[in-house]
>>> print(open('model.cif').read())   # mmCIF, C-alpha atoms
data_target
loop_
_atom_site.label_atom_id
_atom_site.label_comp_id
_atom_site.auth_asym_id
_atom_site.auth_seq_id
_atom_site.Cartn_x
_atom_site.Cartn_y
_atom_site.Cartn_z
CA MET A 21 0.00 0.00 0.00
CA ARG A 22 1.48 3.33 -1.00
CA ARG A 23 1.81 5.78 1.80
CA PHE A 24 0.19 8.85 0.35
CA GLU A 25 -2.67 9.92 2.60
CA PRO A 26 -5.55 9.26 0.14
CA ASP A 27 -4.30 5.71 -0.39
CA VAL A 28 -4.07 5.12 3.35
CA LEU A 29 -7.64 6.30 3.86
CA ALA A 30 -8.85 4.12 0.98
CA GLY A 31 -7.03 1.11 2.43
CA VAL A 32 -8.59 1.65 5.86
CA PHE A 33 -12.03 1.91 4.25
CA VAL A 34 -11.56 -1.28 2.23
CA SER A 35 -10.29 -3.27 5.22
CA ALA A 36 -13.08 -2.07 7.51
CA LEU A 37 -15.77 -2.75 4.90
CA ALA A 38 -14.43 -6.27 4.26
CA VAL A 39 -14.55 -7.07 7.98
CA ALA A 40 -18.08 -5.67 8.27
CA MET A 41 -19.39 -7.71 5.32
CA GLY A 42 -17.81 -10.90 6.63
CA ALA A 43 -19.30 -10.32 10.09
CA LEU A 44 -22.77 -9.85 8.60
CA VAL A 45 -22.53 -13.13 6.72
CA VAL A 46 -21.37 -14.98 9.83
CA PHE A 47 -23.75 -13.51 12.40
CA ASP A 48 -26.89 -12.94 10.30
CA ARG A 49 -28.88 -16.15 10.67
CA SER A 50 -30.63 -15.88 7.31
CA MET A 51 -27.36 -15.44 5.45
CA ALA A 52 -25.53 -18.06 7.46
CA ASP A 53 -28.26 -20.55 6.53
CA GLY A 54 -27.71 -19.68 2.87
CA LEU A 55 -24.04 -20.78 2.91
CA VAL A 56 -23.27 -23.74 0.65
CA VAL A 57 -20.45 -24.84 2.96
CA PRO A 58 -20.34 -25.24 6.76
CA ARG A 59 -20.19 -21.89 8.51
CA TRP A 60 -16.92 -22.70 10.30
CA PHE A 61 -15.30 -23.50 6.97
CA TRP A 62 -16.49 -20.22 5.45
CA VAL A 63 -15.15 -18.37 8.51
CA VAL A 64 -11.73 -20.01 7.99
CA LEU A 65 -11.74 -18.99 4.33
CA PHE A 66 -12.71 -15.44 5.22
CA ALA A 67 -10.03 -15.20 7.92
CA ALA A 68 -7.46 -16.38 5.38
CA PHE A 69 -8.69 -13.73 2.97
CA LEU A 70 -8.35 -10.98 5.59
CA LEU A 71 -4.82 -12.17 6.40
CA VAL A 72 -3.56 -12.14 2.81
CA GLN A 73 -5.33 -8.84 2.12
CA THR A 74 -3.67 -7.26 5.16
CA VAL A 75 -0.24 -8.53 4.09
CA GLY A 76 -0.69 -7.23 0.56
CA MET A 77 -1.97 -3.80 1.59
CA TRP A 78 -0.12 -2.96 4.81
CA TRP A 79 2.98 -5.15 5.20
CA GLU A 80 4.44 -5.06 1.70
CA ASP A 81 7.30 -2.79 2.81
CA ARG A 82 8.43 -5.20 5.54
CA LEU A 83 8.11 -8.60 3.85
CA PRO A 84 9.92 -10.22 0.90
CA ASP A 85 8.35 -9.44 -2.45
CA ARG A 86 7.86 -13.15 -3.21
CA LEU A 87 5.71 -13.58 -0.07
CA VAL A 88 3.67 -10.48 -0.89
CA ARG A 89 3.00 -11.74 -4.41
CA GLY A 90 1.99 -15.15 -3.04
CA CYS A 91 -0.48 -13.50 -0.67
CA PHE A 92 -1.96 -11.51 -3.53
CA ALA A 93 -2.38 -14.67 -5.61
CA ALA A 94 -4.16 -16.30 -2.65
CA GLN A 95 -6.44 -13.26 -2.35
CA VAL A 96 -7.34 -13.45 -6.03
CA VAL A 97 -8.39 -17.10 -5.58
CA LEU A 98 -10.15 -16.76 -2.21
CA VAL A 99 -12.47 -13.88 -3.15
CA PRO A 100 -14.53 -15.73 -5.78
CA VAL A 101 -14.67 -18.77 -3.49
CA LEU A 102 -16.17 -16.62 -0.73
CA VAL A 103 -18.70 -15.09 -3.11
CA LEU A 104 -19.79 -18.42 -4.61
CA THR A 105 -20.13 -20.14 -1.22
CA ALA A 106 -22.27 -17.28 0.17
CA PRO A 107 -24.66 -16.49 -2.72
CA SER A 108 -27.32 -15.02 -0.43
CA ALA A 109 -24.98 -12.15 0.53
CA SER A 110 -25.86 -9.95 -2.41
CA TRP A 111 -23.33 -7.23 -1.50
CA LEU A 112 -20.38 -9.58 -1.01
CA PRO A 113 -19.26 -9.33 -4.69
CA ILE A 114 -17.98 -5.84 -3.86
CA LEU A 115 -14.89 -7.69 -2.61
CA LEU A 116 -14.32 -8.72 -6.22
CA VAL A 117 -14.24 -5.05 -7.21
CA PHE A 118 -11.71 -4.25 -4.48
CA THR A 119 -9.46 -7.14 -5.45
CA SER A 120 -9.52 -6.48 -9.20
CA THR A 121 -8.75 -2.81 -8.51
CA PHE A 122 -5.84 -3.73 -6.22
CA ALA A 123 -4.56 -6.03 -8.96
CA VAL A 124 -3.59 -2.95 -10.97
CA TYR A 125 -0.76 -2.40 -8.46
CA ARG A 126 0.48 -5.98 -8.78
CA VAL A 127 0.06 -7.39 -12.29
CA THR A 128 0.03 -6.29 -15.90
CA GLY A 129 -2.96 -4.78 -17.68
CA SER A 130 -3.75 -8.00 -19.56
CA SER A 131 -3.79 -9.96 -16.30
CA VAL A 132 -6.13 -7.38 -14.78
CA ALA A 133 -8.45 -7.79 -17.78
CA VAL A 134 -8.53 -11.55 -17.24
CA ILE A 135 -9.30 -11.10 -13.53
CA VAL A 136 -12.11 -8.66 -14.30
CA ALA A 137 -13.64 -11.05 -16.84
CA VAL A 138 -13.46 -14.04 -14.48
CA TYR A 139 -14.88 -12.06 -11.57
CA THR A 140 -17.75 -10.77 -13.70
CA CYS A 141 -18.67 -14.35 -14.62
CA CYS A 142 -18.37 -15.27 -10.93
CA VAL A 143 -20.98 -12.63 -10.08
CA GLY A 144 -23.34 -14.13 -12.67
CA VAL A 145 -22.85 -17.64 -11.26
CA SER A 146 -23.54 -16.36 -7.73
CA VAL A 147 -26.80 -14.76 -8.82
CA ALA A 148 -27.78 -17.94 -10.66
CA ILE A 149 -27.10 -20.06 -7.57
CA ARG A 150 -29.56 -18.02 -5.52
CA GLY A 151 -32.20 -18.42 -8.28
CA GLY A 152 -31.93 -15.14 -10.16
CA ARG A 153 -33.54 -14.74 -13.57
CA VAL A 154 -31.56 -14.29 -16.77
CA SER A 155 -32.33 -10.57 -16.93
CA GLU A 156 -31.24 -10.12 -13.31
CA ILE A 157 -28.03 -12.06 -13.97
CA ALA A 158 -27.21 -9.95 -17.00
CA LEU A 159 -27.97 -6.69 -15.17
CA ILE A 160 -25.89 -7.48 -12.10
CA MET A 161 -23.02 -8.82 -14.20
CA SER A 162 -22.97 -5.61 -16.24
CA ILE A 163 -23.07 -3.45 -13.10
CA TYR A 164 -20.17 -5.24 -11.39
CA GLY A 165 -18.25 -5.49 -14.64
CA ALA A 166 -18.58 -1.75 -15.17
CA LEU A 167 -17.56 -1.05 -11.57
CA GLN A 168 -14.42 -3.15 -11.96
CA VAL A 169 -13.45 -1.58 -15.28
CA ALA A 170 -14.03 1.97 -13.99
CA SER A 171 -12.06 1.35 -10.80
CA ALA A 172 -9.18 -0.31 -12.64
CA LEU A 173 -8.97 2.50 -15.18
CA SER A 174 -9.07 5.11 -12.44
CA VAL A 175 -6.18 3.50 -10.54
CA THR A 176 -4.25 3.03 -13.79
CA ALA A 177 -4.60 6.75 -14.52
CA GLN A 178 -3.41 7.61 -11.01
CA LEU A 179 -0.37 5.35 -11.35
CA HIS A 180 0.41 6.89 -14.72
CA GLN A 181 0.28 10.37 -13.22
CA ALA A 182 2.47 9.26 -10.32
CA ARG A 183 5.01 7.82 -12.77
CA LEU A 184 5.02 11.08 -14.73
CA ARG A 185 5.60 13.02 -11.50
CA ARG A 186 8.54 10.75 -10.63
CA GLU A 187 10.02 11.18 -14.10
CA LEU A 188 9.59 14.94 -13.81
CA ALA A 189 11.32 14.92 -10.43
CA VAL A 190 14.20 12.86 -11.83
CA ALA A 191 14.58 15.22 -14.78
CA HIS A 192 14.45 18.15 -12.36
CA ALA A 193 17.25 16.66 -10.24
CA GLU A 194 19.38 15.91 -13.30
CA LEU A 195 18.84 19.42 -14.68
CA ARG A 196 19.73 20.98 -11.33
CA ALA A 197 22.91 18.88 -11.11
CA ALA A 198 23.94 19.85 -14.63
CA SER A 199 23.19 23.50 -13.85
CA ALA A 200 25.25 23.39 -10.63
CA LEU A 201 28.21 21.80 -12.41
CA LEU A 202 27.91 24.25 -15.30
CA ASP A 203 27.83 27.21 -12.92
CA ASP A 204 30.91 25.94 -11.09
CA SER A 205 32.69 25.35 -14.38
CA SER A 206 31.74 28.80 -15.70
CA ARG A 207 32.93 30.48 -12.50
CA ALA A 208 36.19 28.53 -12.62
CA ASP A 209 36.78 29.50 -16.26
CA GLU A 210 36.06 33.14 -15.46
CA ARG A 211 38.45 33.08 -12.50
CA LEU A 212 41.20 31.63 -14.67
CA ARG A 213 40.58 34.24 -17.38
CA ILE A 214 40.80 37.08 -14.87
CA ALA A 215 43.94 35.56 -13.33
CA ARG A 216 45.59 35.31 -16.74
CA GLU A 217 44.67 38.90 -17.59
CA LEU A 218 46.06 40.19 -14.31
CA HIS A 219 49.25 38.21 -14.74
CA ASP A 220 49.83 38.88 -18.43
CA VAL A 221 48.77 42.52 -18.67
CA LEU A 222 49.00 44.21 -15.29
CA GLY A 223 51.88 42.08 -14.07
CA HIS A 224 53.88 42.73 -17.23
CA GLN A 225 53.31 46.48 -17.05
CA LEU A 226 54.28 46.65 -13.38
CA THR A 227 57.42 44.66 -14.05
CA ALA A 228 58.39 47.07 -16.84
CA LEU A 229 57.61 50.02 -14.57
CA SER A 230 59.83 48.62 -11.82
CA LEU A 231 62.71 48.18 -14.24
CA GLU A 232 62.32 51.72 -15.58
CA LEU A 233 62.28 53.15 -12.06
CA GLU A 234 65.36 51.07 -11.20
CA VAL A 235 67.25 52.63 -14.10
CA ALA A 236 65.95 56.11 -13.27
CA SER A 237 67.07 55.82 -9.64
CA HIS A 238 70.70 55.63 -10.82
CA GLN A 239 70.47 58.57 -13.22
CA VAL A 240 68.50 61.34 -11.49
CA PRO A 241 70.25 63.65 -9.03
CA GLU A 242 69.23 64.40 -5.49
CA PRO A 243 66.66 65.27 -4.14
CA ALA A 244 64.56 63.75 -7.02
CA ARG A 245 66.33 60.42 -6.57
CA GLU A 246 64.63 59.87 -3.20
CA HIS A 247 61.17 60.09 -4.81
CA VAL A 248 62.13 57.71 -7.64
CA VAL A 249 63.39 55.12 -5.14
CA ARG A 250 60.15 55.43 -3.20
CA ALA A 251 58.12 54.97 -6.41
CA ARG A 252 60.21 51.91 -7.32
CA SER A 253 59.46 50.36 -3.91
CA ILE A 254 55.72 51.04 -4.33
CA ALA A 255 55.77 49.44 -7.81
CA ARG A 256 57.49 46.32 -6.43
CA ASP A 257 54.97 46.04 -3.60
CA LEU A 258 52.12 46.44 -6.05
CA LEU A 259 53.61 43.74 -8.29
CA GLY A 260 53.76 41.40 -5.29
CA ASP A 261 50.13 42.15 -4.44
CA VAL A 262 49.08 41.37 -8.03
CA ARG A 263 50.94 38.07 -7.97
CA ALA A 264 49.34 37.14 -4.63
CA THR A 265 45.89 38.04 -5.98
CA VAL A 266 46.47 35.93 -9.09
CA GLY A 267 47.44 32.96 -6.93
CA GLU A 268 44.36 33.38 -4.73
CA VAL A 269 42.01 33.65 -7.71
CA ARG A 270 43.50 30.54 -9.31
CA SER A 271 43.28 28.47 -6.12
CA ARG A 272 39.79 29.59 -5.10
CA THR A 273 37.41 26.61 -5.02
CA PRO A 274 33.60 26.52 -5.28
CA VAL A 275 31.40 26.52 -2.17
CA LEU A 276 29.89 23.02 -2.17
CA GLY A 277 26.88 24.01 -0.09
CA GLU A 278 25.66 26.47 -2.71
CA SER A 279 25.84 23.83 -5.44
CA LEU A 280 23.96 21.24 -3.35
CA GLU A 281 21.30 23.76 -2.34
CA GLY A 282 20.74 24.50 -5.99
CA LEU A 283 20.48 20.77 -6.67
CA VAL A 284 17.65 20.14 -4.18
CA ALA A 285 15.88 23.49 -4.59
CA ARG A 286 12.18 23.16 -5.46
CA LEU A 287 12.45 19.40 -5.82
CA PRO A 288 8.85 18.11 -6.15
CA GLU A 289 9.49 14.95 -4.12
CA PRO A 290 10.71 13.76 -1.69
CA VAL A 291 11.21 16.44 0.98
CA VAL A 292 15.00 16.87 1.24
CA HIS A 293 16.73 17.98 4.47
CA LEU A 294 20.18 19.28 3.53
CA THR A 295 22.96 19.92 6.05
CA VAL A 296 26.34 21.15 4.82
CA ASP A 297 29.17 22.59 6.90
CA SER A 298 29.21 26.34 6.37
CA GLU A 299 31.70 27.60 3.81
CA ILE A 300 33.01 24.10 3.11
CA ARG A 301 35.27 24.27 0.05
CA VAL A 302 36.64 21.44 -2.05
CA ASP A 303 38.63 21.06 -5.22
CA ASP A 304 36.82 20.66 -8.53
CA ALA A 305 37.26 16.88 -8.72
CA ARG A 306 35.72 16.23 -5.29
CA ALA A 307 32.96 18.78 -5.89
CA VAL A 308 31.93 17.02 -9.11
CA ALA A 309 32.05 13.61 -7.41
CA VAL A 310 29.87 14.69 -4.47
CA ILE A 311 27.33 16.49 -6.66
CA ARG A 312 27.03 13.57 -9.07
CA CYS A 313 26.70 11.04 -6.25
CA VAL A 314 24.01 13.07 -4.46
CA GLN A 315 22.14 13.50 -7.74
CA GLU A 316 22.24 9.74 -8.40
CA LEU A 317 20.94 8.96 -4.91
CA ILE A 318 18.10 11.48 -5.28
CA THR A 319 17.00 9.95 -8.58
CA ASN A 320 17.24 6.43 -7.12
CA THR A 321 15.07 7.47 -4.19
CA ILE A 322 12.47 9.02 -6.49
CA ARG A 323 12.37 6.03 -8.85
CA HIS A 324 12.53 3.09 -6.47
CA ALA A 325 12.17 3.97 -2.78
CA ASN A 326 8.75 5.67 -2.70
CA ALA A 327 10.17 7.81 0.11
CA GLU A 328 8.57 10.84 1.68
CA GLU A 329 11.69 12.36 3.21
CA MET A 330 15.42 12.33 2.52
CA TRP A 331 18.36 13.52 4.61
CA ILE A 332 21.69 14.68 3.11
CA GLU A 333 24.64 15.61 5.33
CA VAL A 334 28.07 16.75 4.16
CA ARG A 335 30.74 17.30 6.80
CA ALA A 336 34.44 18.15 6.71
CA ASP A 337 37.06 17.42 9.36
CA PRO A 338 39.92 19.82 10.16
CA ALA A 339 42.22 17.89 7.79
CA GLY A 340 39.87 18.55 4.86
CA ALA A 341 38.42 15.04 4.49
CA LEU A 342 34.76 14.90 3.48
CA SER A 343 32.01 12.78 5.01
CA VAL A 344 28.83 12.38 2.96
CA SER A 345 25.73 10.70 4.41
CA VAL A 346 22.48 10.25 2.47
CA ARG A 347 19.45 8.32 3.74
CA ASP A 348 15.70 8.10 3.09
CA ASP A 349 12.62 6.65 4.76
CA GLY A 350 11.49 4.68 1.72
CA ARG A 351 11.13 1.04 0.83
CA ALA A 352 14.34 -0.99 0.53
CA SER A 353 15.12 -4.70 0.43
CA ALA A 354 18.00 -6.11 2.46
CA GLU A 355 18.77 -8.40 -0.49
CA PHE A 356 19.24 -5.58 -3.01
CA GLU A 357 22.01 -5.72 -5.61
CA PRO A 358 23.77 -2.42 -6.47
CA GLY A 359 22.85 -1.35 -9.99
CA HIS A 360 24.82 0.74 -12.44
CA GLY A 361 24.05 3.97 -10.57
CA LEU A 362 25.33 2.72 -7.21
CA GLN A 363 28.31 1.10 -8.87
CA GLY A 364 29.07 4.46 -10.47
CA ILE A 365 28.99 6.10 -7.03
CA ARG A 366 31.42 3.51 -5.68
CA GLU A 367 33.77 4.03 -8.62
CA ARG A 368 33.72 7.83 -8.25
CA ILE A 369 34.43 7.76 -4.52
CA GLU A 370 37.06 5.03 -4.64
CA GLY A 371 38.70 6.80 -7.58
CA LEU A 372 39.42 9.67 -5.19
CA GLY A 373 40.82 7.30 -2.56
CA GLY A 374 37.64 7.20 -0.48
CA THR A 375 35.24 4.52 0.74
CA VAL A 376 31.50 4.04 0.40
CA SER A 377 28.98 1.71 2.06
CA PHE A 378 25.31 0.95 1.39
CA VAL A 379 23.02 0.15 4.34
CA VAL A 380 19.36 -0.92 4.53
CA ASP A 381 17.84 0.13 7.86
CA ARG A 382 14.24 1.40 7.81
CA GLY A 383 15.10 2.88 4.44
CA PHE A 384 18.22 3.11 2.32
CA ALA A 385 21.40 4.86 3.48
CA VAL A 386 24.75 5.60 1.87
CA HIS A 387 27.86 6.66 3.81
CA ALA A 388 30.93 7.88 1.95
CA THR A 389 34.26 9.37 2.99
CA VAL A 390 36.59 11.25 0.68
CA PRO A 391 40.11 12.10 1.92
CA ALA A 392 41.67 15.49 1.46
CA PRO A 393 43.59 15.85 -1.81
#
>>> encode(input="model.cif", output="structure tokens")
Amino acid sequence: MRRFEPDVLAGVFVSALAVAMGALVVFDRSMADGLVVPRWFWVVLFAAFLLVQTVGMWWEDRLPDRLVRGCFAAQVVLVPVLVLTAPSASWLPILLVFTSTFAVYRVTGSSVAVIVAVYTCCVGVSVAIRGGRVSEIALIMSIYGALQVASALSVTAQLHQARLRRELAVAHAELRAASALLDDSSRADERLRIARELHDVLGHQLTALSLELEVASHQVPEPAREHVVRARSIARDLLGDVRATVGEVRSRTPVLGESLEGLVARLPEPVVHLTVDSEIRVDDARAVAVIRCVQELITNTIRHANAEEMWIEVRADPAGALSVSVRDDGRASAEFEPGHGLQGIRERIEGLGGTVSFVVDRGFAVHATVPAP
């Protein structure tokens, strides 16, 4: 069961209604007498149905996928058995509608069509067992068939919209990452251009000026010589300041926090909590690695985890080593195998001499360390 609030409310409604309908069949004397099997046996079947329905709707995040699929298959089989063995319960076929609608989450569209067709025939057989006329059978079959088709199409449309939202969020994250890297690259190129201009133009002119003043200091008489010597000293100091400024501009590194904030800004889903040490600065190679790894983890969370919240922390120790921690509250299997994206993260981090680990603990978490260059 997906954890968006409307789905939770719908699941609660379905579970409560199923329990209520089963209780009516068991405790209403007229309906209990209409069972075609012993009442205790029908109660066992209904209890089994409630169990597999609960597993499929509420425990899917905590159980192996194979077990969840097996429970769904059991639910698909048990529902028509319950309906056919209690034909006097005219409202019980609504369980068929719930199950065929839930099947949209589990199986392909063609399988859903088969389930809808079989369940529609099951409704007709149930009406025939309790002595319904042909016109009544046709009418009720058409009503329940239409209900199943409408419900299945509605859920299919919702899933399609959810998939489009996830794809939009992934594209948003990728675009933000590319924009952050492009901004860093543009700023770095501009810094290098300014540094070259300062060095090649201003530095050259100041060097020439210092040489001219050096020559002049040996040729002018006193008291003008004192002023020339002072001007030569000022020119040398200014040349040193220009060289120091050029070195600072060349070595200046991007602020990682600004790039990561741009990456997660206005992300549609999930809600991202970002914590980055203030004014943390890294070289270009480590900045690219961290941004790309965070982007990959965000897209993985959007595509696979069905998470509502995500936490990203980037810390730096006094020596300059980076610690990156990313975790979410989504669905994750302890038996997962790292795909190409996670393998790419490992290769990026280890290529810089760091380490990375993947942990499944009430969600998915990644911890990486990158040493100082």
>>> atom_distance(input="model.cif", atom1="atom CA of A:Glu80", atom2="atom CA of A:Thr319")
22.1 Å
>>> residues_around(input="model.cif", residues="A:Ile332", least_positions_apart="3", cutoff="8 Å", atoms="only C-alpha atoms", output="list in words")
Val292, His293, Leu294, Thr295, Val344, Ser345, Val346 and Arg347 of chain A
>>> closest_residue(input="model.cif", among="A:Gly282, A:Pro107, A:Gly364, A:Gly350", to="A:Cys313", atoms="all atoms listed in the file")
A:Gly364
>>> atom_distance(input="model.cif", atom1="atom CA of A:Ser279", atom2="atom CA of A:Val386")
19.7 Å
>>> atom_distance(input="model.cif", atom1="atom CA of A:Thr176", atom2="atom CA of A:Tyr139")
18.6 Å
>>> residues_near_point(input="model.cif", point="(45.4, 17.4, 4.5)", cutoff="7 Å", atoms="all atoms listed in the file", output="list in words")
Ala339, Gly340, Ala392 and Pro393 of chain A
>>> write_last_selection(input="model.cif", atoms="C-alpha atoms", output="PDB file, in the frame of the given file")
ATOM      1  CA  ALA A 339      42.220  17.890   7.790  1.00  0.00           C
ATOM      2  CA  GLY A 340      39.870  18.550   4.860  1.00  0.00           C
ATOM      3  CA  ALA A 392      41.670  15.490   1.460  1.00  0.00           C
ATOM      4  CA  PRO A 393      43.590  15.850  -1.810  1.00  0.00           C
TER       5      PRO A 393
END
>>> resolve_selection(input="model.cif", expression="the PyMOL selection byres ((chain A and resi 158) around 12)", output="PyMOL selection string")
chain A and resi 140-148+152-157+159-165
>>> closest_residue(input="model.cif", among="A:Met77, A:Ala172, A:Ile369, A:Leu116", to="A:Val32", atoms="all atoms listed in the file")
A:Met77
>>> resolve_selection(input="model.cif", expression="the PyMOL selection byres ((chain A and resi 103) around 9)", output="PyMOL selection string")
chain A and resi 98-102+104-107+109-110+112-113+115-116+142-143+146
>>> write_last_selection(input="model.cif", atoms="C-alpha atoms", output="short mmCIF file (atom, residue, chain, number, x, y, z; two decimals), in the frame of the given file")
data_model
loop_
_atom_site.label_atom_id
_atom_site.label_comp_id
_atom_site.auth_asym_id
_atom_site.auth_seq_id
_atom_site.Cartn_x
_atom_site.Cartn_y
_atom_site.Cartn_z
CA LEU A 98 -10.15 -16.76 -2.21
CA VAL A 99 -12.47 -13.88 -3.15
CA PRO A 100 -14.53 -15.73 -5.78
CA VAL A 101 -14.67 -18.77 -3.49
CA LEU A 102 -16.17 -16.62 -0.73
CA LEU A 104 -19.79 -18.42 -4.61
CA THR A 105 -20.13 -20.14 -1.22
CA ALA A 106 -22.27 -17.28 0.17
CA PRO A 107 -24.66 -16.49 -2.72
CA ALA A 109 -24.98 -12.15 0.53
CA SER A 110 -25.86 -9.95 -2.41
CA LEU A 112 -20.38 -9.58 -1.01
CA PRO A 113 -19.26 -9.33 -4.69
CA LEU A 115 -14.89 -7.69 -2.61
CA LEU A 116 -14.32 -8.72 -6.22
CA CYS A 142 -18.37 -15.27 -10.93
CA VAL A 143 -20.98 -12.63 -10.08
CA SER A 146 -23.54 -16.36 -7.73
#
>>> resolve_selection(input="model.cif", expression="the PyMOL selection byres ((chain A and resi 126-130) around 12)", output="PyMOL selection string")
chain A and resi 21+76-77+80+85-86+88-93+95-96+119-125+131-137+169+172-173+175-176+179
>>> closest_residue(input="model.cif", among="A:Val39, A:Ala177, A:Leu65, A:Val190", to="A:Glu316", atoms="all atoms listed in the file")
A:Val190
>>> residues_around(input="model.cif", residues="A:Thr321", least_positions_apart="4", cutoff="9 Å", atoms="all atoms listed in the file", output="VMD selection string")
chain A and resid 290 316 to 317 325 to 327 330 348 350 384
>>> residues_around(input="model.cif", residues="stretch 60-63 of chain A", least_positions_apart="4", cutoff="10 Å", atoms="all atoms listed in the file", output="number ranges by chain")
A: 42-43, 45-46, 52, 55-56, 67-69, 101-102, 105-106
>>> closest_residue(input="model.cif", among="A:Leu195, A:Ser343, A:Glu370, A:Ile365", to="A:Leu287", atoms="all atoms listed in the file")
A:Leu195
